[in-house]
$ cat run_7.pdb   # PDB, C-alpha atoms
MODEL        1
ATOM      1  CA  MET O   1     -15.836 -62.343 -27.414  1.00  0.00           C
ATOM      2  CA  LEU O   2     -13.953 -64.108 -30.166  1.00  0.00           C
ATOM      3  CA  ASN O   3     -10.656 -62.587 -31.206  1.00  0.00           C
ATOM      4  CA  ALA O   4     -10.730 -64.325 -34.584  1.00  0.00           C
ATOM      5  CA  ARG O   5     -10.630 -62.177 -37.673  1.00  0.00           C
ATOM      6  CA  VAL O   6     -13.901 -62.175 -39.603  1.00  0.00           C
ATOM      7  CA  PRO O   7     -13.387 -63.792 -43.040  1.00  0.00           C
ATOM      8  CA  ALA O   8     -14.419 -62.010 -46.226  1.00  0.00           C
ATOM      9  CA  ALA O   9     -18.084 -62.290 -47.185  1.00  0.00           C
ATOM     10  CA  GLY O  10     -19.011 -64.947 -49.715  1.00  0.00           C
ATOM     11  CA  THR O  11     -16.308 -67.419 -48.784  1.00  0.00           C
ATOM     12  CA  ARG O  12     -16.658 -70.896 -47.351  1.00  0.00           C
ATOM     13  CA  ARG O  13     -14.797 -69.688 -44.274  1.00  0.00           C
ATOM     14  CA  THR O  14     -17.541 -67.065 -43.733  1.00  0.00           C
ATOM     15  CA  ALA O  15     -20.176 -69.799 -43.430  1.00  0.00           C
ATOM     16  CA  GLU O  16     -17.957 -71.774 -41.041  1.00  0.00           C
ATOM     17  CA  TYR O  17     -17.284 -68.657 -38.961  1.00  0.00           C
ATOM     18  CA  CYS O  18     -21.000 -67.797 -38.739  1.00  0.00           C
ATOM     19  CA  ARG O  19     -21.885 -71.372 -37.813  1.00  0.00           C
ATOM     20  CA  THR O  20     -19.240 -71.292 -35.034  1.00  0.00           C
ATOM     21  CA  ILE O  21     -20.591 -68.004 -33.664  1.00  0.00           C
ATOM     22  CA  MET O  22     -24.199 -69.257 -33.761  1.00  0.00           C
ATOM     23  CA  GLU O  23     -23.365 -72.557 -32.082  1.00  0.00           C
ATOM     24  CA  GLY O  24     -21.395 -70.771 -29.375  1.00  0.00           C
ATOM     25  CA  SER O  25     -24.223 -68.333 -28.685  1.00  0.00           C
ATOM     26  CA  GLY O  26     -27.042 -70.897 -28.656  1.00  0.00           C
ATOM     27  CA  ILE O  27     -28.744 -69.326 -31.688  1.00  0.00           C
ATOM     28  CA  SER O  28     -30.396 -71.774 -34.034  1.00  0.00           C
ATOM     29  CA  PRO O  29     -29.347 -71.306 -37.697  1.00  0.00           C
ATOM     30  CA  SER O  30     -32.990 -71.928 -38.662  1.00  0.00           C
ATOM     31  CA  ALA O  31     -34.399 -69.285 -36.288  1.00  0.00           C
ATOM     32  CA  GLY O  32     -34.867 -66.708 -39.030  1.00  0.00           C
ATOM     33  CA  ASN O  33     -33.660 -65.533 -42.383  1.00  0.00           C
ATOM     34  CA  GLU O  34     -30.650 -63.298 -42.949  1.00  0.00           C
ATOM     35  CA  ASP O  35     -32.372 -60.038 -41.984  1.00  0.00           C
ATOM     36  CA  GLY O  36     -33.853 -61.376 -38.746  1.00  0.00           C
ATOM     37  CA  ARG O  37     -37.420 -61.935 -39.933  1.00  0.00           C
ATOM     38  CA  GLN O  38     -39.227 -65.000 -38.705  1.00  0.00           C
ATOM     39  CA  VAL O  39     -39.671 -68.128 -40.746  1.00  0.00           C
ATOM     40  CA  GLY O  40     -42.698 -70.357 -40.147  1.00  0.00           C
ATOM     41  CA  SER O  41     -43.831 -70.503 -36.541  1.00  0.00           C
ATOM     42  CA  THR O  42     -40.399 -69.796 -35.019  1.00  0.00           C
ATOM     43  CA  VAL O  43     -40.485 -66.834 -32.644  1.00  0.00           C
ATOM     44  CA  THR O  44     -37.609 -64.421 -32.992  1.00  0.00           C
ATOM     45  CA  VAL O  45     -36.366 -62.387 -30.049  1.00  0.00           C
ATOM     46  CA  ILE O  46     -34.605 -59.040 -30.297  1.00  0.00           C
ATOM     47  CA  HIS O  47     -32.557 -58.892 -27.124  1.00  0.00           C
ATOM     48  CA  ALA O  48     -32.533 -55.944 -24.758  1.00  0.00           C
ATOM     49  CA  THR O  49     -28.874 -55.305 -25.588  1.00  0.00           C
ATOM     50  CA  ASN O  50     -29.568 -54.790 -29.318  1.00  0.00           C
ATOM     51  CA  ALA O  51     -28.683 -51.193 -30.229  1.00  0.00           C
ATOM     52  CA  TRP O  52     -31.969 -50.773 -32.152  1.00  0.00           C
ATOM     53  CA  ASN O  53     -34.072 -51.861 -29.163  1.00  0.00           C
ATOM     54  CA  PRO O  54     -34.979 -48.703 -27.194  1.00  0.00           C
ATOM     55  CA  THR O  55     -36.995 -50.487 -24.480  1.00  0.00           C
ATOM     56  CA  GLY O  56     -34.280 -52.229 -22.499  1.00  0.00           C
ATOM     57  CA  HIS O  57     -36.467 -55.367 -22.593  1.00  0.00           C
ATOM     58  CA  ASN O  58     -36.425 -58.386 -24.897  1.00  0.00           C
ATOM     59  CA  LEU O  59     -38.827 -57.917 -27.830  1.00  0.00           C
ATOM     60  CA  LEU O  60     -40.786 -60.985 -28.928  1.00  0.00           C
ATOM     61  CA  GLY O  61     -41.722 -61.543 -32.551  1.00  0.00           C
ATOM     62  CA  VAL O  62     -45.254 -62.040 -33.802  1.00  0.00           C
ATOM     63  CA  PRO O  63     -45.117 -65.241 -35.944  1.00  0.00           C
ATOM     64  CA  ASP O  64     -45.177 -64.767 -39.742  1.00  0.00           C
ATOM     65  CA  THR O  65     -44.844 -60.970 -39.456  1.00  0.00           C
ATOM     66  CA  ARG O  66     -42.191 -58.297 -39.089  1.00  0.00           C
ATOM     67  CA  LEU O  67     -43.843 -57.126 -35.847  1.00  0.00           C
ATOM     68  CA  TYR O  68     -42.163 -57.264 -32.440  1.00  0.00           C
ATOM     69  CA  TYR O  69     -43.790 -56.507 -29.109  1.00  0.00           C
ATOM     70  CA  VAL O  70     -43.145 -56.295 -25.394  1.00  0.00           C
ATOM     71  CA  HIS O  71     -45.621 -56.314 -22.503  1.00  0.00           C
ATOM     72  CA  LEU O  72     -44.646 -53.803 -19.814  1.00  0.00           C
ATOM     73  CA  GLU O  73     -46.042 -52.438 -16.586  1.00  0.00           C
ATOM     74  CA  ALA O  74     -46.018 -48.637 -16.817  1.00  0.00           C
ATOM     75  CA  LEU O  75     -47.175 -46.109 -14.202  1.00  0.00           C
ATOM     76  CA  SER O  76     -50.465 -45.912 -16.096  1.00  0.00           C
ATOM     77  CA  GLY O  77     -50.926 -49.692 -15.986  1.00  0.00           C
ATOM     78  CA  PRO O  78     -50.164 -52.582 -18.362  1.00  0.00           C
ATOM     79  CA  ARG O  79     -48.971 -51.587 -21.852  1.00  0.00           C
ATOM     80  CA  THR O  80     -48.011 -53.303 -25.096  1.00  0.00           C
ATOM     81  CA  TYR O  81     -45.337 -51.620 -27.203  1.00  0.00           C
ATOM     82  CA  VAL O  82     -45.221 -52.701 -30.855  1.00  0.00           C
ATOM     83  CA  PHE O  83     -42.351 -52.256 -33.311  1.00  0.00           C
ATOM     84  CA  LEU O  84     -41.986 -53.030 -37.024  1.00  0.00           C
ATOM     85  CA  GLY O  85     -38.716 -54.128 -38.558  1.00  0.00           C
ATOM     86  CA  SER O  86     -35.852 -56.544 -38.105  1.00  0.00           C
ATOM     87  CA  GLN O  87     -32.766 -57.125 -35.963  1.00  0.00           C
ATOM     88  CA  GLN O  88     -31.026 -54.303 -37.836  1.00  0.00           C
ATOM     89  CA  HIS O  89     -33.738 -51.639 -37.724  1.00  0.00           C
ATOM     90  CA  LEU O  90     -36.925 -51.133 -35.715  1.00  0.00           C
ATOM     91  CA  THR O  91     -39.652 -48.515 -36.031  1.00  0.00           C
ATOM     92  CA  PHE O  92     -42.005 -47.822 -33.138  1.00  0.00           C
ATOM     93  CA  VAL O  93     -45.629 -48.213 -34.316  1.00  0.00           C
ATOM     94  CA  ALA O  94     -47.882 -48.443 -31.249  1.00  0.00           C
ATOM     95  CA  ASP O  95     -48.253 -47.992 -27.509  1.00  0.00           C
ATOM     96  CA  MET O  96     -51.398 -49.959 -26.664  1.00  0.00           C
ATOM     97  CA  ASP O  97     -53.353 -50.029 -23.418  1.00  0.00           C
ATOM     98  CA  GLY O  98     -53.291 -53.439 -21.712  1.00  0.00           C
ATOM     99  CA  HIS O  99     -51.429 -56.620 -22.587  1.00  0.00           C
ATOM    100  CA  VAL O 100     -52.633 -57.432 -26.104  1.00  0.00           C
ATOM    101  CA  PRO O 101     -52.266 -61.121 -27.112  1.00  0.00           C
ATOM    102  CA  PRO O 102     -49.669 -61.582 -29.879  1.00  0.00           C
ATOM    103  CA  GLU O 103     -52.148 -63.354 -32.169  1.00  0.00           C
ATOM    104  CA  ALA O 104     -54.285 -60.178 -32.223  1.00  0.00           C
ATOM    105  CA  LEU O 105     -51.443 -57.741 -32.926  1.00  0.00           C
ATOM    106  CA  ARG O 106     -51.293 -58.124 -36.724  1.00  0.00           C
ATOM    107  CA  GLU O 107     -54.964 -57.297 -37.275  1.00  0.00           C
ATOM    108  CA  ARG O 108     -54.933 -54.461 -34.767  1.00  0.00           C
ATOM    109  CA  MET O 109     -51.846 -52.894 -36.351  1.00  0.00           C
ATOM    110  CA  LEU O 110     -53.431 -53.050 -39.805  1.00  0.00           C
ATOM    111  CA  ARG O 111     -56.623 -51.461 -38.496  1.00  0.00           C
ATOM    112  CA  GLU O 112     -55.429 -49.040 -35.798  1.00  0.00           C
ATOM    113  CA  ALA O 113     -51.921 -48.076 -36.946  1.00  0.00           C
ATOM    114  CA  HIS O 114     -52.969 -48.062 -40.636  1.00  0.00           C
ATOM    115  CA  LEU O 115     -50.037 -50.259 -41.674  1.00  0.00           C
ATOM    116  CA  TYR O 116     -50.086 -51.953 -45.072  1.00  0.00           C
ATOM    117  CA  PRO O 117     -50.184 -55.789 -45.064  1.00  0.00           C
ATOM    118  CA  HIS O 118     -47.172 -56.088 -47.385  1.00  0.00           C
ATOM    119  CA  LEU O 119     -45.088 -54.148 -44.845  1.00  0.00           C
ATOM    120  CA  VAL O 120     -46.236 -56.220 -41.881  1.00  0.00           C
ATOM    121  CA  ASP O 121     -46.150 -59.746 -43.307  1.00  0.00           C
ATOM    122  CA  ALA O 122     -42.873 -61.668 -43.472  1.00  0.00           C
ATOM    123  CA  ALA O 123     -41.870 -62.519 -47.018  1.00  0.00           C
TER     124      ALA O 123
ENDMDL
END

$ encode --input "run_7.pdb" --output "structure tokens"
Amino acid sequence: MLNARVPAAGTRRTAEYCRTIMEGSGISPSAGNEDGRQVGSTVTVIHATNAWNPTGHNLLGVPDTRLYYVHLEALSGPRTYVFLGSQQHLTFVADMDGHVPPEALRERMLREAHLYPHLVDAA
């Protein structure tokens, strides 16, 4: 943990501080935009230690959407849990039977969870 004081937002020192933190943590500055959504084909991960992640497992992003998923083995068999949101806030949207491929999640969430496309798609 860095003991450095966080500089005020909007200053040049803020950008330098953020770059130092990202380089030290192995996070790519181009991995996503400021609210954690994915850009292009980059896959974003919400780590198990994130306070908004209730699963205790890393959540993988579905490219070009605000959807995150995890494949788990439950007592009832393989499951796919799907969440909508960002690094700062996640909403549980589905518990699906089996391990659903990530490329099929967007369409299934629109159809089965009745989500609106403008809420699912990354801007």

$ closest_residue --input "run_7.pdb" --among "O:His118, O:His57, O:His71, O:Arg111" --to "Asp95 in chain O" --atoms "all atoms listed in the file"
O:His71

$ atom_distance --input "run_7.pdb" --atom1 "CA of Asp121 in chain O" --atom2 "CA of Arg66 in chain O"
6.0 Å

$ resolve_selection --input "run_7.pdb" --expression "the PyMOL selection byres ((chain O and resi 82) around 6)" --output "PyMOL selection string"
chain O and resi 68-69+81+83+93-94

$ closest_residue --input "run_7.pdb" --among "O:Met96, O:Ile46, O:Ala51, O:Leu60" --to "Arg79 in chain O" --atoms "all atoms listed in the file"
O:Met96

$ closest_residue --input "run_7.pdb" --among "O:Leu90, O:Gly77, O:Leu119, O:Gly85" --to "Asn53 in chain O" --atoms "all atoms listed in the file"
O:Leu90

$ residues_around --input "run_7.pdb" --residues "Thr49 in chain O" --least-positions-apart "5" --cutoff "12 Å" --atoms "all atoms listed in the file" --output "ChimeraX atom specification"
/O:54-59,87
